[in-house]
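Asker: Input file: target-v6.tsv. Contents: TSV, N, CA and C atoms.
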```
chain	number	residue	atom	x	y	z
C	1	MET	N	0.82	-1.19	0.00
C	1	MET	CA	0.00	0.00	0.00
C	1	MET	C	0.87	1.26	0.00
C	2	PHE	N	1.87	1.31	0.85
C	2	PHE	CA	2.71	2.50	0.91
C	2	PHE	C	3.78	2.50	-0.16
C	3	GLY	N	4.07	1.35	-0.75
C	3	GLY	CA	5.11	1.24	-1.77
C	3	GLY	C	4.85	2.12	-2.98
C	4	ARG	N	3.61	2.12	-3.44
C	4	ARG	CA	3.28	2.94	-4.61
C	4	ARG	C	3.41	4.42	-4.30
C	5	ASN	N	2.99	4.81	-3.12
C	5	ASN	CA	3.09	6.21	-2.72
C	5	ASN	C	4.56	6.62	-2.60
C	6	ASP	N	5.37	5.74	-2.04
C	6	ASP	CA	6.81	6.02	-1.93
C	6	ASP	C	7.44	6.18	-3.32
C	7	GLU	N	7.03	5.31	-4.25
C	7	GLU	CA	7.54	5.40	-5.61
C	7	GLU	C	7.14	6.73	-6.25
C	8	LYS	N	5.91	7.14	-6.03
C	8	LYS	CA	5.42	8.40	-6.60
C	8	LYS	C	6.21	9.58	-6.04
C	9	VAL	N	6.44	9.58	-4.75
C	9	VAL	CA	7.21	10.66	-4.11
C	9	VAL	C	8.64	10.67	-4.66
C	10	ALA	N	9.23	9.51	-4.81
C	10	ALA	CA	10.59	9.42	-5.34
C	10	ALA	C	10.65	9.94	-6.77
C	11	ARG	N	9.67	9.58	-7.60
C	11	ARG	CA	9.62	10.07	-8.98
C	11	ARG	C	9.49	11.59	-9.00
C	12	GLN	N	8.65	12.13	-8.13
C	12	GLN	CA	8.46	13.59	-8.09
C	12	GLN	C	9.74	14.29	-7.63
C	13	GLN	N	10.43	13.70	-6.66
C	13	GLN	CA	11.69	14.30	-6.19
C	13	GLN	C	12.76	14.26	-7.28
C	14	THR	N	12.83	13.17	-8.00
C	14	THR	CA	13.79	13.05	-9.10
C	14	THR	C	13.46	14.06	-10.19
C	15	ALA	N	12.20	14.20	-10.51
C	15	ALA	CA	11.76	15.16	-11.53
C	15	ALA	C	12.06	16.59	-11.09
C	16	ARG	N	11.82	16.89	-9.85
C	16	ARG	CA	12.09	18.24	-9.33
C	16	ARG	C	13.59	18.55	-9.41
C	17	ALA	N	14.42	17.57	-9.09
C	17	ALA	CA	15.87	17.76	-9.18
C	17	ALA	C	16.29	18.02	-10.63
C	18	GLU	N	15.68	17.30	-11.57
C	18	GLU	CA	15.99	17.52	-12.99
C	18	GLU	C	15.53	18.90	-13.43
C	19	LEU	N	14.37	19.34	-12.97
C	19	LEU	CA	13.90	20.69	-13.29
C	19	LEU	C	14.90	21.72	-12.77
C	20	GLU	N	15.35	21.56	-11.55
C	20	GLU	CA	16.32	22.49	-10.97
C	20	GLU	C	17.62	22.49	-11.76
C	21	ARG	N	18.05	21.32	-12.21
C	21	ARG	CA	19.27	21.23	-13.01
C	21	ARG	C	19.10	22.00	-14.32
C	22	LEU	N	17.99	21.78	-15.00
C	22	LEU	CA	17.75	22.44	-16.28
C	22	LEU	C	17.65	23.95	-16.13
C	23	THR	N	16.94	24.41	-15.13
C	23	THR	CA	16.74	25.86	-14.98
C	23	THR	C	17.96	26.57	-14.41
C	24	ALA	N	18.88	25.82	-13.81
C	24	ALA	CA	20.10	26.43	-13.28
C	24	ALA	C	21.24	26.46	-14.32
C	25	MET	N	21.05	25.78	-15.43
C	25	MET	CA	22.10	25.71	-16.45
C	25	MET	C	22.37	27.07	-17.07
C	26	PRO	N	23.61	27.31	-17.45
C	26	PRO	CA	23.88	28.49	-18.26
C	26	PRO	C	23.07	28.38	-19.57
C	27	VAL	N	22.72	29.49	-20.15
C	27	VAL	CA	21.87	29.51	-21.33
C	27	VAL	C	22.47	28.67	-22.46
C	28	ALA	N	23.77	28.77	-22.69
C	28	ALA	CA	24.39	28.01	-23.78
C	28	ALA	C	24.25	26.51	-23.55
C	29	ASP	N	24.40	26.06	-22.33
C	29	ASP	CA	24.27	24.64	-22.03
C	29	ASP	C	22.85	24.16	-22.25
C	30	LEU	N	21.87	24.95	-21.81
C	30	LEU	CA	20.48	24.58	-22.03
C	30	LEU	C	20.17	24.58	-23.53
C	31	ALA	N	20.67	25.56	-24.24
C	31	ALA	CA	20.46	25.62	-25.69
C	31	ALA	C	21.00	24.36	-26.36
C	32	ALA	N	22.17	23.91	-25.92
C	32	ALA	CA	22.75	22.69	-26.49
C	32	ALA	C	21.88	21.48	-26.18
C	33	GLU	N	21.22	21.47	-25.03
C	33	GLU	CA	20.30	20.37	-24.70
C	33	GLU	C	19.04	20.42	-25.56
C	34	LEU	N	18.68	21.59	-26.04
C	34	LEU	CA	17.48	21.74	-26.87
C	34	LEU	C	17.72	21.35	-28.33
C	35	MET	N	18.94	21.50	-28.79
C	35	MET	CA	19.23	21.32	-30.21
C	35	MET	C	18.83	19.95	-30.76
C	36	PRO	N	18.95	18.85	-30.03
C	36	PRO	CA	18.51	17.55	-30.58
C	36	PRO	C	17.03	17.52	-30.96
C	37	ALA	N	16.23	18.44	-30.44
C	37	ALA	CA	14.81	18.50	-30.82
C	37	ALA	C	14.67	18.83	-32.30
C	38	PHE	N	15.70	19.42	-32.88
C	38	PHE	CA	15.66	19.80	-34.29
C	38	PHE	C	16.29	18.74	-35.19
C	39	GLY	N	16.66	17.61	-34.60
C	39	GLY	CA	17.24	16.51	-35.35
C	39	GLY	C	16.23	15.42	-35.62
C	40	ALA	N	16.73	14.27	-35.99
C	40	ALA	CA	15.89	13.14	-36.41
C	40	ALA	C	14.98	12.63	-35.30
C	41	ASP	N	15.40	12.76	-34.05
C	41	ASP	CA	14.59	12.25	-32.94
C	41	ASP	C	13.67	13.29	-32.32
C	42	GLY	N	13.63	14.47	-32.91
C	42	GLY	CA	12.78	15.54	-32.39
C	42	GLY	C	11.37	15.45	-32.93
C	43	PRO	N	10.53	16.37	-32.50
C	43	PRO	CA	9.15	16.40	-33.02
C	43	PRO	C	9.15	16.75	-34.50
C	44	ARG	N	8.17	16.28	-35.20
C	44	ARG	CA	8.04	16.55	-36.63
C	44	ARG	C	7.41	17.91	-36.85
C	45	GLY	N	8.00	18.68	-37.75
C	45	GLY	CA	7.49	20.00	-38.04
C	45	GLY	C	6.26	19.98	-38.91
C	46	ARG	N	5.54	21.06	-38.85
C	46	ARG	CA	4.34	21.26	-39.65
C	46	ARG	C	4.37	22.67	-40.21
C	47	GLY	N	3.53	22.91	-41.15
C	47	GLY	CA	3.39	24.28	-41.65
C	47	GLY	C	4.36	24.60	-42.76
C	48	PRO	N	4.37	25.89	-43.15
C	48	PRO	CA	5.12	26.31	-44.33
C	48	PRO	C	6.62	26.06	-44.24
C	49	SER	N	7.22	26.21	-43.09
C	49	SER	CA	8.68	26.04	-42.98
C	49	SER	C	9.06	24.68	-42.44
C	50	GLU	N	8.07	23.83	-42.17
C	50	GLU	CA	8.31	22.51	-41.58
C	50	GLU	C	9.01	22.63	-40.23
C	51	GLY	N	8.87	23.76	-39.60
C	51	GLY	CA	9.47	23.97	-38.30
C	51	GLY	C	8.55	23.49	-37.19
C	52	ILE	N	9.08	23.51	-35.99
C	52	ILE	CA	8.29	23.14	-34.81
C	52	ILE	C	7.92	24.41	-34.06
C	53	ASN	N	6.89	24.31	-33.25
C	53	ASN	CA	6.49	25.48	-32.45
C	53	ASN	C	6.97	25.29	-31.01
C	54	ILE	N	6.79	26.30	-30.21
C	54	ILE	CA	7.29	26.28	-28.84
C	54	ILE	C	6.65	25.16	-28.01
C	55	MET	N	5.38	24.90	-28.21
C	55	MET	CA	4.74	23.82	-27.44
C	55	MET	C	5.30	22.47	-27.81
C	56	GLN	N	5.59	22.24	-29.08
C	56	GLN	CA	6.20	20.98	-29.48
C	56	GLN	C	7.57	20.82	-28.84
C	57	LEU	N	8.33	21.91	-28.79
C	57	LEU	CA	9.66	21.85	-28.18
C	57	LEU	C	9.56	21.60	-26.67
C	58	LEU	N	8.67	22.33	-26.01
C	58	LEU	CA	8.49	22.14	-24.56
C	58	LEU	C	8.00	20.73	-24.24
C	59	SER	N	7.08	20.21	-25.03
C	59	SER	CA	6.59	18.85	-24.82
C	59	SER	C	7.69	17.83	-25.03
C	60	TRP	N	8.50	18.03	-26.05
C	60	TRP	CA	9.63	17.14	-26.31
C	60	TRP	C	10.59	17.12	-25.13
C	61	LEU	N	10.95	18.30	-24.63
C	61	LEU	CA	11.86	18.38	-23.49
C	61	LEU	C	11.24	17.75	-22.26
C	62	ASN	N	9.97	17.98	-22.05
C	62	ASN	CA	9.28	17.41	-20.89
C	62	ASN	C	9.29	15.88	-20.95
C	63	ARG	N	8.96	15.32	-22.11
C	63	ARG	CA	8.96	13.84	-22.27
C	63	ARG	C	10.36	13.27	-22.09
C	64	ARG	N	11.35	13.98	-22.56
C	64	ARG	CA	12.74	13.51	-22.51
C	64	ARG	C	13.31	13.59	-21.09
C	65	SER	N	12.86	14.55	-20.31
C	65	SER	CA	13.49	14.83	-19.03
C	65	SER	C	12.76	14.29	-17.81
C	66	PHE	N	11.46	14.05	-17.94
C	66	PHE	CA	10.67	13.71	-16.75
C	66	PHE	C	9.87	12.43	-16.97
C	67	PRO	N	9.61	11.72	-15.87
C	67	PRO	CA	8.79	10.50	-15.99
C	67	PRO	C	7.39	10.82	-16.49
C	68	HIS	N	6.77	9.82	-17.12
C	68	HIS	CA	5.41	9.97	-17.62
C	68	HIS	C	4.49	10.46	-16.50
C	69	GLY	N	3.66	11.42	-16.81
C	69	GLY	CA	2.71	11.94	-15.84
C	69	GLY	C	3.19	13.15	-15.06
C	70	ILE	N	4.45	13.54	-15.25
C	70	ILE	CA	4.98	14.72	-14.56
C	70	ILE	C	5.30	15.76	-15.61
C	71	SER	N	4.79	16.97	-15.41
C	71	SER	CA	5.00	18.03	-16.39
C	71	SER	C	5.49	19.31	-15.72
C	72	PHE	N	6.52	19.88	-16.31
C	72	PHE	CA	7.05	21.17	-15.86
C	72	PHE	C	7.12	22.14	-17.04
C	73	ILE	N	6.16	22.02	-17.95
C	73	ILE	CA	6.18	22.86	-19.15
C	73	ILE	C	6.13	24.35	-18.78
C	74	ARG	N	5.29	24.73	-17.88
C	74	ARG	CA	5.21	26.16	-17.50
C	74	ARG	C	6.52	26.66	-16.93
C	75	GLU	N	7.12	25.87	-16.08
C	75	GLU	CA	8.37	26.28	-15.43
C	75	GLU	C	9.53	26.36	-16.42
C	76	LEU	N	9.45	25.60	-17.50
C	76	LEU	CA	10.53	25.57	-18.48
C	76	LEU	C	10.36	26.59	-19.60
C	77	ASP	N	9.20	27.20	-19.71
C	77	ASP	CA	8.92	28.10	-20.82
C	77	ASP	C	9.95	29.21	-20.96
C	78	ALA	N	10.18	29.99	-19.94
C	78	ALA	CA	11.11	31.13	-20.04
C	78	ALA	C	12.55	30.67	-20.30
C	79	PRO	N	13.08	29.69	-19.55
C	79	PRO	CA	14.44	29.25	-19.86
C	79	PRO	C	14.59	28.68	-21.27
C	80	VAL	N	13.60	27.95	-21.74
C	80	VAL	CA	13.66	27.39	-23.09
C	80	VAL	C	13.66	28.51	-24.12
C	81	ARG	N	12.88	29.53	-23.91
C	81	ARG	CA	12.87	30.66	-24.86
C	81	ARG	C	14.23	31.35	-24.89
C	82	GLU	N	14.90	31.44	-23.74
C	82	GLU	CA	16.26	32.01	-23.72
C	82	GLU	C	17.22	31.12	-24.50
C	83	GLY	N	17.09	29.81	-24.33
C	83	GLY	CA	17.92	28.88	-25.08
C	83	GLY	C	17.69	29.00	-26.58
C	84	LEU	N	16.44	29.13	-26.98
C	84	LEU	CA	16.11	29.31	-28.40
C	84	LEU	C	16.73	30.59	-28.95
C	85	GLN	N	16.69	31.63	-28.16
C	85	GLN	CA	17.27	32.90	-28.59
C	85	GLN	C	18.77	32.72	-28.84
C	86	ALA	N	19.45	31.97	-27.96
C	86	ALA	CA	20.88	31.72	-28.14
C	86	ALA	C	21.13	30.90	-29.41
C	87	LEU	N	20.30	29.90	-29.65
C	87	LEU	CA	20.44	29.09	-30.87
C	87	LEU	C	20.23	29.94	-32.12
C	88	ASP	N	19.25	30.82	-32.07
C	88	ASP	CA	18.97	31.71	-33.19
C	88	ASP	C	20.14	32.66	-33.44
C	89	ARG	N	20.63	33.28	-32.39
C	89	ARG	CA	21.74	34.24	-32.53
C	89	ARG	C	23.01	33.57	-33.04
C	90	ALA	N	23.20	32.30	-32.71
C	90	ALA	CA	24.39	31.57	-33.17
C	90	ALA	C	24.21	31.03	-34.59
C	91	GLY	N	23.03	31.23	-35.17
C	91	GLY	CA	22.78	30.77	-36.52
C	91	GLY	C	22.48	29.29	-36.63
C	92	LEU	N	22.15	28.66	-35.51
C	92	LEU	CA	21.88	27.22	-35.51
C	92	LEU	C	20.41	26.90	-35.75
C	93	VAL	N	19.55	27.84	-35.40
C	93	VAL	CA	18.10	27.68	-35.56
C	93	VAL	C	17.56	28.96	-36.19
C	94	LEU	N	16.62	28.78	-37.08
C	94	LEU	CA	15.95	29.92	-37.70
C	94	LEU	C	14.54	30.01	-37.13
C	95	ILE	N	14.21	31.14	-36.56
C	95	ILE	CA	12.87	31.37	-36.01
C	95	ILE	C	12.10	32.19	-37.04
C	96	THR	N	10.95	31.65	-37.46
C	96	THR	CA	10.14	32.29	-38.49
C	96	THR	C	8.78	32.66	-37.89
C	97	HIS	N	8.42	33.91	-38.05
C	97	HIS	CA	7.13	34.39	-37.55
C	97	HIS	C	6.13	34.41	-38.70
C	98	HIS	N	5.05	33.66	-38.52
C	98	HIS	CA	3.97	33.62	-39.49
C	98	HIS	C	2.80	34.41	-38.91
C	99	ARG	N	1.75	34.56	-39.66
C	99	ARG	CA	0.59	35.31	-39.16
C	99	ARG	C	0.03	34.74	-37.86
C	100	GLN	N	-0.13	33.44	-37.82
C	100	GLN	CA	-0.78	32.84	-36.65
C	100	GLN	C	0.15	31.99	-35.80
C	101	ALA	N	1.40	31.86	-36.19
C	101	ALA	CA	2.29	30.99	-35.43
C	101	ALA	C	3.74	31.40	-35.64
C	102	THR	N	4.58	30.95	-34.74
C	102	THR	CA	6.01	31.09	-34.86
C	102	THR	C	6.59	29.69	-34.88
C	103	THR	N	7.44	29.42	-35.86
C	103	THR	CA	8.06	28.11	-35.94
C	103	THR	C	9.58	28.25	-35.93
C	104	MET	N	10.23	27.16	-35.57
C	104	MET	CA	11.67	27.12	-35.49
C	104	MET	C	12.17	25.87	-36.20
C	105	ALA	N	13.26	26.02	-36.93
C	105	ALA	CA	13.86	24.89	-37.63
C	105	ALA	C	15.37	25.05	-37.62
C	106	ALA	N	16.07	23.95	-37.64
C	106	ALA	CA	17.53	23.99	-37.69
C	106	ALA	C	17.98	24.54	-39.03
C	107	THR	N	19.03	25.32	-39.01
C	107	THR	CA	19.67	25.79	-40.23
C	107	THR	C	20.63	24.71	-40.72
C	108	ARG	N	21.23	24.93	-41.87
C	108	ARG	CA	22.25	23.98	-42.34
C	108	ARG	C	23.41	23.92	-41.36
C	109	LEU	N	23.81	25.08	-40.84
C	109	LEU	CA	24.87	25.12	-39.83
C	109	LEU	C	24.43	24.36	-38.58
C	110	GLY	N	23.17	24.51	-38.19
C	110	GLY	CA	22.65	23.80	-37.03
C	110	GLY	C	22.66	22.30	-37.21
C	111	HIS	N	22.24	21.83	-38.39
C	111	HIS	CA	22.27	20.39	-38.67
C	111	HIS	C	23.71	19.87	-38.63
C	112	ALA	N	24.63	20.63	-39.22
C	112	ALA	CA	26.04	20.22	-39.23
C	112	ALA	C	26.60	20.16	-37.80
C	113	ALA	N	26.33	21.20	-37.02
C	113	ALA	CA	26.82	21.22	-35.63
C	113	ALA	C	26.24	20.07	-34.82
C	114	LEU	N	24.98	19.77	-35.05
C	114	LEU	CA	24.32	18.66	-34.34
C	114	LEU	C	24.96	17.33	-34.74
C	115	SER	N	25.16	17.10	-36.02
C	115	SER	CA	25.72	15.82	-36.46
C	115	SER	C	27.18	15.67	-36.06
C	116	GLU	N	27.90	16.77	-35.93
C	116	GLU	CA	29.31	16.73	-35.56
C	116	GLU	C	29.54	16.84	-34.06
C	117	GLY	N	28.44	17.02	-33.29
C	117	GLY	CA	28.58	17.17	-31.84
C	117	GLY	C	29.22	18.48	-31.42
C	118	LEU	N	29.02	19.52	-32.22
C	118	LEU	CA	29.67	20.81	-31.97
C	118	LEU	C	28.71	21.94	-31.60
C	119	VAL	N	27.51	21.59	-31.15
C	119	VAL	CA	26.52	22.63	-30.84
C	119	VAL	C	27.03	23.56	-29.75
C	120	LEU	N	27.47	23.01	-28.62
C	120	LEU	CA	27.93	23.85	-27.52
C	120	LEU	C	29.14	24.69	-27.95
C	121	ALA	N	30.05	24.11	-28.70
C	121	ALA	CA	31.22	24.86	-29.17
C	121	ALA	C	30.80	26.04	-30.04
C	122	ARG	N	29.83	25.83	-30.92
C	122	ARG	CA	29.34	26.92	-31.77
C	122	ARG	C	28.69	28.02	-30.92
C	123	LEU	N	27.92	27.61	-29.92
C	123	LEU	CA	27.27	28.59	-29.05
C	123	LEU	C	28.30	29.40	-28.28
C	124	VAL	N	29.31	28.75	-27.76
C	124	VAL	CA	30.36	29.43	-26.99
C	124	VAL	C	31.17	30.35	-27.90
C	125	ASP	N	31.53	29.83	-29.10
C	125	ASP	CA	32.28	30.66	-30.06
C	125	ASP	C	31.50	31.92	-30.42
C	126	HIS	N	30.19	31.76	-30.64
C	126	HIS	CA	29.36	32.91	-31.00
C	126	HIS	C	29.28	33.91	-29.84
C	127	ALA	N	29.13	33.39	-28.62
C	127	ALA	CA	29.03	34.27	-27.46
C	127	ALA	C	30.32	35.04	-27.22
C	128	ASN	N	31.45	34.45	-27.59
C	128	ASN	CA	32.75	35.10	-27.39
C	128	ASN	C	33.18	35.97	-28.57
C	129	ALA	N	32.40	35.95	-29.64
C	129	ALA	CA	32.77	36.73	-30.84
C	129	ALA	C	32.47	38.20	-30.66
```
Let me see the file written as structure tokens.
Answerer:
Amino acid sequence: MFGRNDEKVARQQTARAELERLTAMPVADLAAELMPAFGADGPRGRGPSEGINIMQLLSWLNRRSFPHGISFIRELDAPVREGLQALDRAGLVLITHHRQATTMAATRLGHAALSEGLVLARLVDHANA
């Protein structure tokens, strides 16, 4: 009887620790954690640019980081937007504003950095330029 409750509490504590880790990361590190969402294992894009929207990105990160049934999408919104801004400024992601939506897609440089494992290096190089 108490075993399931203990498991639930442990899952919530683990999830909370992961949330704290993600939100405490420097922006470049969080941005590097977001970049795989724009690769083969990320959400599939829709619309004119085949990009993904912010909810798709937040849902992807939530599924990747937390056990099923635990969601920290609201808490991750602002840090994720900062990470996206860093990816955009480094030329790794292109953010396109449409009439009714904003989508994001990896650039050619972003795909190359992702496949070569150089996302964080590109972000740091850009920040130091």
Asker: When you look at range 95-103 of chain C with a cut-off of 6 Å (counting all atoms listed in the file), what residues show up, excluding the ones that are within fewer than 4 positions of it in the same chain? I need them as a ChimeraX atom specification.
Answerer: /C:51-54,88
Asker: Using only N, CA and C atoms, please write the residues we just selected to a file, as a PDB file, keeping the file's coordinate frame.
Answerer:
```
ATOM      1  N   GLY C  51       8.870  23.760 -39.600  1.00  0.00           N
ATOM      2  CA  GLY C  51       9.470  23.970 -38.300  1.00  0.00           C
ATOM      3  C   GLY C  51       8.550  23.490 -37.190  1.00  0.00           C
ATOM      4  N   ILE C  52       9.080  23.510 -35.990  1.00  0.00           N
ATOM      5  CA  ILE C  52       8.290  23.140 -34.810  1.00  0.00           C
ATOM      6  C   ILE C  52       7.920  24.410 -34.060  1.00  0.00           C
ATOM      7  N   ASN C  53       6.890  24.310 -33.250  1.00  0.00           N
ATOM      8  CA  ASN C  53       6.490  25.480 -32.450  1.00  0.00           C
ATOM      9  C   ASN C  53       6.970  25.290 -31.010  1.00  0.00           C
ATOM     10  N   ILE C  54       6.790  26.300 -30.210  1.00  0.00           N
ATOM     11  CA  ILE C  54       7.290  26.280 -28.840  1.00  0.00           C
ATOM     12  C   ILE C  54       6.650  25.160 -28.010  1.00  0.00           C
ATOM     13  N   ASP C  88      19.250  30.820 -32.070  1.00  0.00           N
ATOM     14  CA  ASP C  88      18.970  31.710 -33.190  1.00  0.00           C
ATOM     15  C   ASP C  88      20.140  32.660 -33.440  1.00  0.00           C
TER      16      ASP C  88
END
```
Asker: Using all atoms listed in the file, which protein or nucleic acid residues come within 8 Å of range 123-125 of chain C? Drop anything in the same chain fewer than 3 positions from it, and give the result as a list of chain:residue names.
Answerer: C:Ala28, C:Asp29, C:Ala32, C:Ala86, C:Leu87, C:Arg89, C:Ala90, C:Gly91, C:Leu118, C:Val119, C:Leu120, C:Asn128, C:Ala129
Asker: Please produce an output containing N, CA and C atoms for each residue in the selection, written as an mmCIF file, in the frame of the given file.
Answerer:
```cif
data_model
loop_
_atom_site.group_PDB
_atom_site.id
_atom_site.type_symbol
_atom_site.label_atom_id
_atom_site.label_comp_id
_atom_site.auth_asym_id
_atom_site.auth_seq_id
_atom_site.Cartn_x
_atom_site.Cartn_y
_atom_site.Cartn_z
ATOM 1 N N ALA C 28 23.770 28.770 -22.690
ATOM 2 C CA ALA C 28 24.390 28.010 -23.780
ATOM 3 C C ALA C 28 24.250 26.510 -23.550
ATOM 4 N N ASP C 29 24.400 26.060 -22.330
ATOM 5 C CA ASP C 29 24.270 24.640 -22.030
ATOM 6 C C ASP C 29 22.850 24.160 -22.250
ATOM 7 N N ALA C 32 22.170 23.910 -25.920
ATOM 8 C CA ALA C 32 22.750 22.690 -26.490
ATOM 9 C C ALA C 32 21.880 21.480 -26.180
ATOM 10 N N ALA C 86 19.450 31.970 -27.960
ATOM 11 C CA ALA C 86 20.880 31.720 -28.140
ATOM 12 C C ALA C 86 21.130 30.900 -29.410
ATOM 13 N N LEU C 87 20.300 29.900 -29.650
ATOM 14 C CA LEU C 87 20.440 29.090 -30.870
ATOM 15 C C LEU C 87 20.230 29.940 -32.120
ATOM 16 N N ARG C 89 20.630 33.280 -32.390
ATOM 17 C CA ARG C 89 21.740 34.240 -32.530
ATOM 18 C C ARG C 89 23.010 33.570 -33.040
ATOM 19 N N ALA C 90 23.200 32.300 -32.710
ATOM 20 C CA ALA C 90 24.390 31.570 -33.170
ATOM 21 C C ALA C 90 24.210 31.030 -34.590
ATOM 22 N N GLY C 91 23.030 31.230 -35.170
ATOM 23 C CA GLY C 91 22.780 30.770 -36.520
ATOM 24 C C GLY C 91 22.480 29.290 -36.630
ATOM 25 N N LEU C 118 29.020 19.520 -32.220
ATOM 26 C CA LEU C 118 29.670 20.810 -31.970
ATOM 27 C C LEU C 118 28.710 21.940 -31.600
ATOM 28 N N VAL C 119 27.510 21.590 -31.150
ATOM 29 C CA VAL C 119 26.520 22.630 -30.840
ATOM 30 C C VAL C 119 27.030 23.560 -29.750
ATOM 31 N N LEU C 120 27.470 23.010 -28.620
ATOM 32 C CA LEU C 120 27.930 23.850 -27.520
ATOM 33 C C LEU C 120 29.140 24.690 -27.950
ATOM 34 N N ASN C 128 31.450 34.450 -27.590
ATOM 35 C CA ASN C 128 32.750 35.100 -27.390
ATOM 36 C C ASN C 128 33.180 35.970 -28.570
ATOM 37 N N ALA C 129 32.400 35.950 -29.640
ATOM 38 C CA ALA C 129 32.770 36.730 -30.840
ATOM 39 C C ALA C 129 32.470 38.200 -30.660
#
```
Asker: To test your reading of the structure, identify every residue in chain C that backbone DSSP assigns to strand (DSSP E or B), and report it as a ChimeraX atom specification.
Answerer: /C:52,93-97,102-106
Asker: Go ahead and write the selection's residues with N, CA and C atoms as a compact mmCIF listing (two decimals), in the frame of the given file.
Answerer:
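Result went into again_2.txt, see below:
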```txt
# COMPACT_ATOMS: atom_id res chain seq x y z
N ILE C 52 9.08 23.51 -35.99
CA ILE C 52 8.29 23.14 -34.81
C ILE C 52 7.92 24.41 -34.06
N VAL C 93 19.55 27.84 -35.40
CA VAL C 93 18.10 27.68 -35.56
C VAL C 93 17.56 28.96 -36.19
N LEU C 94 16.62 28.78 -37.08
CA LEU C 94 15.95 29.92 -37.70
C LEU C 94 14.54 30.01 -37.13
N ILE C 95 14.21 31.14 -36.56
CA ILE C 95 12.87 31.37 -36.01
C ILE C 95 12.10 32.19 -37.04
N THR C 96 10.95 31.65 -37.46
CA THR C 96 10.14 32.29 -38.49
C THR C 96 8.78 32.66 -37.89
N HIS C 97 8.42 33.91 -38.05
CA HIS C 97 7.13 34.39 -37.55
C HIS C 97 6.13 34.41 -38.70
N THR C 102 4.58 30.95 -34.74
CA THR C 102 6.01 31.09 -34.86
C THR C 102 6.59 29.69 -34.88
N THR C 103 7.44 29.42 -35.86
CA THR C 103 8.06 28.11 -35.94
C THR C 103 9.58 28.25 -35.93
N MET C 104 10.23 27.16 -35.57
CA MET C 104 11.67 27.12 -35.49
C MET C 104 12.17 25.87 -36.20
N ALA C 105 13.26 26.02 -36.93
CA ALA C 105 13.86 24.89 -37.63
C ALA C 105 15.37 25.05 -37.62
N ALA C 106 16.07 23.95 -37.64
CA ALA C 106 17.53 23.99 -37.69
C ALA C 106 17.98 24.54 -39.03
```
Asker: Might you pull out every residue within 8 Å of range 8-14 of chain C, with all atoms listed in the file counted and same-chain residues fewer than 6 positions away left off, and present them as number ranges by chain?
Answerer: C: 2, 20, 65-67, 70
Asker: Quick check, in Å to one decimal: how far apart do CA of Leu61 in chain C and CA of Ala113 in chain C lie?
Answerer: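 Answer for the CA of Leu61 in chain C to CA of Ala113 in chain C separation: 19.5 Å.
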Asker: Provide the CA of Asn62 in chain C to atom N of Glu18 in chain C distance in Å, to one decimal place.
Answerer: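 Spanning CA of Asn62 in chain C to atom N of Glu18 in chain C is a straight-line distance of 11.3 Å.
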Asker: May I have all residues of range 26-125 of chain C that DSSP, computed from the backbone, assigns to helix (DSSP H, G or I), given as a ChimeraX atom specification?
Answerer: /C:27-38,54-65,73-89,108-116,119-125
Asker: Tell me, as a PyMOL selection string, which residues lie within 8 Å of Pro79 in chain C, counting all atoms listed in the file; anything in the same chain fewer than 2 positions away does not count.
Answerer: chain C and resi 22-23+27+30-31+74-77+81-85
Asker: Those residues you just picked out, can you put them in a file as a short mmCIF file (atom, residue, chain, number, x, y, z; two decimals), keeping the file's coordinate frame with N, CA and C atoms?
Answerer:
```cif
data_model
loop_
_atom_site.label_atom_id
_atom_site.label_comp_id
_atom_site.auth_asym_id
_atom_site.auth_seq_id
_atom_site.Cartn_x
_atom_site.Cartn_y
_atom_site.Cartn_z
N LEU C 22 17.99 21.78 -15.00
CA LEU C 22 17.75 22.44 -16.28
C LEU C 22 17.65 23.95 -16.13
N THR C 23 16.94 24.41 -15.13
CA THR C 23 16.74 25.86 -14.98
C THR C 23 17.96 26.57 -14.41
N VAL C 27 22.72 29.49 -20.15
CA VAL C 27 21.87 29.51 -21.33
C VAL C 27 22.47 28.67 -22.46
N LEU C 30 21.87 24.95 -21.81
CA LEU C 30 20.48 24.58 -22.03
C LEU C 30 20.17 24.58 -23.53
N ALA C 31 20.67 25.56 -24.24
CA ALA C 31 20.46 25.62 -25.69
C ALA C 31 21.00 24.36 -26.36
N ARG C 74 5.29 24.73 -17.88
CA ARG C 74 5.21 26.16 -17.50
C ARG C 74 6.52 26.66 -16.93
N GLU C 75 7.12 25.87 -16.08
CA GLU C 75 8.37 26.28 -15.43
C GLU C 75 9.53 26.36 -16.42
N LEU C 76 9.45 25.60 -17.50
CA LEU C 76 10.53 25.57 -18.48
C LEU C 76 10.36 26.59 -19.60
N ASP C 77 9.20 27.20 -19.71
CA ASP C 77 8.92 28.10 -20.82
C ASP C 77 9.95 29.21 -20.96
N ARG C 81 12.88 29.53 -23.91
CA ARG C 81 12.87 30.66 -24.86
C ARG C 81 14.23 31.35 -24.89
N GLU C 82 14.90 31.44 -23.74
CA GLU C 82 16.26 32.01 -23.72
C GLU C 82 17.22 31.12 -24.50
N GLY C 83 17.09 29.81 -24.33
CA GLY C 83 17.92 28.88 -25.08
C GLY C 83 17.69 29.00 -26.58
N LEU C 84 16.44 29.13 -26.98
CA LEU C 84 16.11 29.31 -28.40
C LEU C 84 16.73 30.59 -28.95
N GLN C 85 16.69 31.63 -28.16
CA GLN C 85 17.27 32.90 -28.59
C GLN C 85 18.77 32.72 -28.84
#
```
Asker: For CA of Glu50 in chain C and atom N of Gly69 in chain C, determine how far apart the two atoms are, in Å to one decimal place.
Answerer: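 The value is 27.5 Å.
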Asker: Need the neighbours of (16.4, 28.9, -40.3): which residues are at most 6.5 Å away, counting only N, CA and C atoms, as JSON, numbers by chain?
Answerer: {"C": [92, 93, 94, 95, 105, 106, 107, 108]}
Asker: Do a neighbour search on Pro43 in chain C at 6.5 Å with all atoms listed in the file, toss out local chain neighbours closer than 5 positions, and write the hits as a list of chain:residue names.
Answerer: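 In the requested format, the answer is C:Ala37, C:Phe38, C:Ile52, C:Gln56, C:Trp60.
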